[in-house]
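The next block holds one structure in the form of structure tokens; read it before the comments.
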Amino acid sequence: MNDSDFEEFQYKLNLMLEKNRLDSFNNKWVFDDSKPCNAKKLAEAGFYYTGTEEEPDFVQCFFCDKQLVGWEEEDDPWQEHLHRSPQCEFAKHNKLEMELTLAQFIQLREKLVMKLFKKWMSKRDEQFEWMFKMINELKRR
Ligand SMILES: [Zn+2]
């Protein structure tokens with residue numbers, strides 16, 4: 001694991017905390033706090049900000065990686081999360097971070113670590129495959 005992999009790993013793991021997800025919005029969210037679909041509600045429902053200038057309302061779930069865009073100000077982030085990604089284990093709890101039991105929190109964290117690790121492993125496998133291909137091509141010359 002190189003430094004940038006490790007940083008990404010840590011960044012993703014930190015997004016498990018609602019406070020860090022809320023920080024990711026950094027006042028860039030398209031609706032203000034008086035609307036049902038505000039940054040705090042999105043962070044509570046597991047989303048962090050991945051928007052750009054072209055698509056300022058892009059968010060992603062820290063756990064299932066589901067990306068959602070095209071929000072309306074009356075949308076309920078929890079309902080949208082459950083509707084669009086019914087298998088998400090975080091969304092299925094349907095609980096605020098502080099309502100999760102310690103055991104539930106630890107279990108989610110363990111699963112998240114495993115997911116991040118598997119992703120890193122498959123990236124590494126792709127790199128190895130590419131290297132083997134290159135070696136085989138060189139051998140053929
Ligand atoms: Zn999710």
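Every chain in the structure tokens takes a letter, A first, then B, and so on in the order presented; its residues are numbered from 1, and the ligands are numbered from 1 following the presented order.
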ask   = What residues have any atom no more than 10 Å from ligand 1 when counting only C-alpha atoms and all ligand atoms, and can you list them as a PyMOL selection string?
value = chain A and resi 45-47+60-67+78+81-82+84-92
Serialized selection, N, CA and C atoms, as a compact mmCIF listing (two decimals), in the first residue's frame:
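What ended up in again.txt:
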# COMPACT_ATOMS: atom_id res chain seq x y z
N ALA A 45 -27.85 10.67 6.70
CA ALA A 45 -28.29 9.50 5.93
C ALA A 45 -27.14 8.78 5.24
N GLY A 46 -25.89 9.18 5.56
CA GLY A 46 -24.74 8.42 5.05
C GLY A 46 -24.02 9.04 3.87
N PHE A 47 -24.50 10.20 3.41
CA PHE A 47 -23.91 10.77 2.19
C PHE A 47 -22.82 11.79 2.47
N GLN A 60 -22.43 10.79 -2.42
CA GLN A 60 -22.14 9.36 -2.44
C GLN A 60 -22.25 8.80 -1.03
N CYS A 61 -22.72 7.54 -0.93
CA CYS A 61 -22.82 6.90 0.39
C CYS A 61 -21.44 6.36 0.79
N PHE A 62 -21.06 6.59 2.03
CA PHE A 62 -19.73 6.14 2.50
C PHE A 62 -19.67 4.61 2.54
N PHE A 63 -20.82 3.96 2.65
CA PHE A 63 -20.80 2.51 2.84
C PHE A 63 -21.03 1.73 1.54
N CYS A 64 -22.12 2.05 0.83
CA CYS A 64 -22.44 1.27 -0.38
C CYS A 64 -21.91 1.93 -1.65
N ASP A 65 -21.35 3.14 -1.53
CA ASP A 65 -20.77 3.87 -2.67
C ASP A 65 -21.82 4.35 -3.67
N LYS A 66 -23.10 4.20 -3.33
CA LYS A 66 -24.16 4.65 -4.25
C LYS A 66 -24.03 6.16 -4.46
N GLN A 67 -24.06 6.56 -5.74
CA GLN A 67 -24.01 7.99 -6.05
C GLN A 67 -25.39 8.46 -6.45
N TRP A 78 -32.94 9.90 3.66
CA TRP A 78 -33.03 8.51 4.13
C TRP A 78 -33.87 7.67 3.17
N HIS A 81 -32.14 7.03 -0.06
CA HIS A 81 -31.06 6.07 0.14
C HIS A 81 -31.62 4.63 0.16
N LEU A 82 -32.66 4.43 0.95
CA LEU A 82 -33.27 3.10 1.06
C LEU A 82 -33.91 2.66 -0.26
N ARG A 84 -33.06 3.71 -3.40
CA ARG A 84 -32.09 3.52 -4.49
C ARG A 84 -31.04 2.45 -4.18
N SER A 85 -30.85 2.17 -2.90
CA SER A 85 -29.83 1.19 -2.54
C SER A 85 -30.32 0.36 -1.34
N PRO A 86 -31.38 -0.45 -1.61
CA PRO A 86 -32.03 -1.17 -0.50
C PRO A 86 -31.11 -2.16 0.22
N GLN A 87 -30.01 -2.55 -0.42
CA GLN A 87 -29.11 -3.52 0.21
C GLN A 87 -28.06 -2.87 1.11
N CYS A 88 -27.99 -1.55 1.10
CA CYS A 88 -26.96 -0.87 1.89
C CYS A 88 -27.16 -1.15 3.38
N GLU A 89 -26.12 -1.71 4.00
CA GLU A 89 -26.29 -2.11 5.41
C GLU A 89 -26.36 -0.93 6.35
N PHE A 90 -25.75 0.17 5.97
CA PHE A 90 -25.88 1.37 6.80
C PHE A 90 -27.31 1.91 6.70
N ALA A 91 -27.80 2.04 5.48
CA ALA A 91 -29.15 2.58 5.27
C ALA A 91 -30.21 1.70 5.94
N LYS A 92 -29.98 0.39 5.90
CA LYS A 92 -30.97 -0.54 6.46
C LYS A 92 -31.16 -0.33 7.97
Using DSSP on the backbone coordinates, identify all residues within chain A classified as helix (DSSP H, G or I); present the result as a PDB file with C-alpha atoms, in the first residue's frame.
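New file part.pdb:
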ATOM      1  CA  ASP A   3       0.994   6.675   0.609  1.00  0.00           C
ATOM      2  CA  SER A   4      -1.806   7.772  -1.695  1.00  0.00           C
ATOM      3  CA  ASP A   5      -3.601   4.435  -1.250  1.00  0.00           C
ATOM      4  CA  PHE A   6      -3.270   4.797   2.475  1.00  0.00           C
ATOM      5  CA  GLU A   7      -4.571   8.371   2.413  1.00  0.00           C
ATOM      6  CA  GLU A   8      -7.578   7.312   0.368  1.00  0.00           C
ATOM      7  CA  PHE A   9      -8.174   4.406   2.733  1.00  0.00           C
ATOM      8  CA  GLN A  10      -8.091   6.706   5.727  1.00  0.00           C
ATOM      9  CA  TYR A  11     -10.219   9.378   4.050  1.00  0.00           C
ATOM     10  CA  LYS A  12     -12.899   6.800   3.220  1.00  0.00           C
ATOM     11  CA  LEU A  13     -12.787   5.336   6.691  1.00  0.00           C
ATOM     12  CA  ASN A  14     -13.146   8.792   8.260  1.00  0.00           C
ATOM     13  CA  GLU A  18     -21.330  11.908  10.305  1.00  0.00           C
ATOM     14  CA  LYS A  19     -19.330  14.986  11.275  1.00  0.00           C
ATOM     15  CA  ASN A  20     -16.735  14.301   8.566  1.00  0.00           C
ATOM     16  CA  ARG A  21     -19.450  13.730   5.990  1.00  0.00           C
ATOM     17  CA  LEU A  22     -21.052  17.038   6.933  1.00  0.00           C
ATOM     18  CA  ASP A  23     -17.652  18.773   6.644  1.00  0.00           C
ATOM     19  CA  SER A  24     -17.344  17.475   3.078  1.00  0.00           C
ATOM     20  CA  PHE A  25     -20.306  19.661   2.052  1.00  0.00           C
ATOM     21  CA  ALA A  39     -26.550  19.007   4.018  1.00  0.00           C
ATOM     22  CA  LYS A  40     -27.075  17.860   7.623  1.00  0.00           C
ATOM     23  CA  LYS A  41     -29.856  15.444   6.665  1.00  0.00           C
ATOM     24  CA  LEU A  42     -27.758  14.078   3.809  1.00  0.00           C
ATOM     25  CA  ALA A  43     -24.778  13.547   6.118  1.00  0.00           C
ATOM     26  CA  GLU A  44     -27.040  11.820   8.664  1.00  0.00           C
ATOM     27  CA  PRO A  77     -32.303  11.647   2.025  1.00  0.00           C
ATOM     28  CA  TRP A  78     -33.027   8.506   4.126  1.00  0.00           C
ATOM     29  CA  GLN A  79     -35.949   7.491   1.935  1.00  0.00           C
ATOM     30  CA  GLU A  80     -33.963   8.080  -1.243  1.00  0.00           C
ATOM     31  CA  HIS A  81     -31.057   6.066   0.142  1.00  0.00           C
ATOM     32  CA  LEU A  82     -33.267   3.096   1.060  1.00  0.00           C
ATOM     33  CA  HIS A  83     -35.162   3.343  -2.212  1.00  0.00           C
ATOM     34  CA  ARG A  84     -32.092   3.517  -4.494  1.00  0.00           C
ATOM     35  CA  GLU A  89     -26.288  -2.113   5.405  1.00  0.00           C
ATOM     36  CA  PHE A  90     -25.883   1.369   6.803  1.00  0.00           C
ATOM     37  CA  ALA A  91     -29.148   2.580   5.269  1.00  0.00           C
ATOM     38  CA  LYS A  92     -30.967  -0.536   6.463  1.00  0.00           C
ATOM     39  CA  HIS A  93     -30.247   0.398  10.080  1.00  0.00           C
ATOM     40  CA  GLU A  97     -25.160   7.697  14.155  1.00  0.00           C
ATOM     41  CA  MET A  98     -25.771   8.306  17.860  1.00  0.00           C
ATOM     42  CA  GLU A  99     -28.647   5.820  17.888  1.00  0.00           C
ATOM     43  CA  LEU A 102     -21.576   0.243  19.835  1.00  0.00           C
ATOM     44  CA  ALA A 103     -21.786  -3.305  18.449  1.00  0.00           C
ATOM     45  CA  GLN A 104     -23.612  -2.092  15.332  1.00  0.00           C
ATOM     46  CA  PHE A 105     -21.094   0.685  14.836  1.00  0.00           C
ATOM     47  CA  ILE A 106     -18.118  -1.663  15.192  1.00  0.00           C
ATOM     48  CA  GLN A 107     -19.675  -4.176  12.817  1.00  0.00           C
ATOM     49  CA  LEU A 108     -20.273  -1.523  10.169  1.00  0.00           C
ATOM     50  CA  ARG A 109     -16.728  -0.296  10.605  1.00  0.00           C
ATOM     51  CA  GLU A 110     -15.308  -3.790  10.205  1.00  0.00           C
ATOM     52  CA  LYS A 111     -17.305  -4.359   7.046  1.00  0.00           C
ATOM     53  CA  LEU A 112     -16.203  -1.015   5.668  1.00  0.00           C
ATOM     54  CA  VAL A 113     -12.550  -1.840   6.331  1.00  0.00           C
ATOM     55  CA  MET A 114     -12.999  -5.170   4.537  1.00  0.00           C
ATOM     56  CA  LYS A 115     -14.654  -3.488   1.568  1.00  0.00           C
ATOM     57  CA  LEU A 116     -11.896  -0.888   1.276  1.00  0.00           C
ATOM     58  CA  PHE A 117      -9.290  -3.581   1.577  1.00  0.00           C
ATOM     59  CA  LYS A 118     -10.899  -5.744  -1.115  1.00  0.00           C
ATOM     60  CA  LYS A 119     -11.062  -2.745  -3.425  1.00  0.00           C
ATOM     61  CA  TRP A 120      -7.375  -2.110  -2.880  1.00  0.00           C
ATOM     62  CA  MET A 121      -6.568  -5.793  -3.498  1.00  0.00           C
ATOM     63  CA  SER A 122      -8.462  -5.845  -6.796  1.00  0.00           C
ATOM     64  CA  LYS A 123      -6.676  -2.672  -7.879  1.00  0.00           C
ATOM     65  CA  ARG A 124      -3.393  -4.344  -7.057  1.00  0.00           C
ATOM     66  CA  ASP A 125      -4.421  -7.472  -9.026  1.00  0.00           C
ATOM     67  CA  GLU A 126      -5.134  -5.294 -12.061  1.00  0.00           C
ATOM     68  CA  GLN A 127      -1.680  -3.790 -11.791  1.00  0.00           C
ATOM     69  CA  PHE A 128      -0.130  -7.260 -11.627  1.00  0.00           C
ATOM     70  CA  GLU A 129      -2.133  -8.408 -14.633  1.00  0.00           C
ATOM     71  CA  TRP A 130      -0.928  -5.417 -16.583  1.00  0.00           C
ATOM     72  CA  MET A 131       2.655  -6.160 -15.586  1.00  0.00           C
ATOM     73  CA  PHE A 132       2.376  -9.813 -16.651  1.00  0.00           C
ATOM     74  CA  LYS A 133       0.929  -8.730 -19.979  1.00  0.00           C
ATOM     75  CA  MET A 134       3.841  -6.389 -20.538  1.00  0.00           C
ATOM     76  CA  ILE A 135       6.339  -9.103 -19.611  1.00  0.00           C
ATOM     77  CA  ASN A 136       4.706 -11.574 -21.999  1.00  0.00           C
ATOM     78  CA  GLU A 137       4.746  -9.051 -24.796  1.00  0.00           C
ATOM     79  CA  LEU A 138       8.405  -8.366 -24.196  1.00  0.00           C
ATOM     80  CA  LYS A 139       9.137 -12.081 -24.229  1.00  0.00           C
ATOM     81  CA  ARG A 140       7.479 -12.447 -27.639  1.00  0.00           C
TER      82      ARG A 140
END
request  = Give the strand (DSSP E) residues of chain A, as assigned by DSSP on the backbone, as an MDAnalysis selection string.
outcome  = chainID A and resid 47:49 59:61 67:68
Give me a file of those residues, with C-alpha atoms, as a PDB file, in the first residue's frame.
ATOM      1  CA  PHE A  47     -23.915  10.771   2.188  1.00  0.00           C
ATOM      2  CA  TYR A  48     -20.828  12.878   1.603  1.00  0.00           C
ATOM      3  CA  TYR A  49     -20.292  15.528  -1.020  1.00  0.00           C
ATOM      4  CA  VAL A  59     -23.375  12.856  -3.257  1.00  0.00           C
ATOM      5  CA  GLN A  60     -22.138   9.361  -2.442  1.00  0.00           C
ATOM      6  CA  CYS A  61     -22.817   6.901   0.387  1.00  0.00           C
ATOM      7  CA  GLN A  67     -24.011   7.989  -6.051  1.00  0.00           C
ATOM      8  CA  LEU A  68     -27.110  10.128  -6.255  1.00  0.00           C
TER       9      LEU A  68
END
task = Calculate how many Å separate atom CA of A:Phe58 from atom CA of A:Asp76, rounding to one decimal.
result =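 Taking atom CA of A:Phe58 and atom CA of A:Asp76, their separation equals 15.1 Å.
The coordinates place atom CA of A:Pro56 at 6.9 Å from atom CA of A:Val30.
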task = Tell me which of A:Glu73, A:Leu17, A:Asp57, A:Leu96 sits closest to A:Cys37, counting only C-alpha atoms.
result = A:Glu73
task = Work out how far atom CA of A:Asn38 is from atom CA of A:Lys95, in Å to one decimal.
result =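 A separation of 17.3 Å between them.
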key: 12 Å contact set for A:Glu54, only C-alpha atoms, chain neighbours under 4 positions out, as an MDAnalysis selection string   = chainID A and resid 50 58 69:70
Dump of C-alpha atoms for the selected residues, as a PDB file, in the first residue's frame:
ATOM      1  CA  THR A  50     -18.797  14.607  -4.404  1.00  0.00           C
ATOM      2  CA  PHE A  58     -23.656  14.905  -6.460  1.00  0.00           C
ATOM      3  CA  VAL A  69     -27.757  13.324  -8.177  1.00  0.00           C
ATOM      4  CA  GLY A  70     -30.799  15.355  -9.230  1.00  0.00           C
TER       5      GLY A  70
END
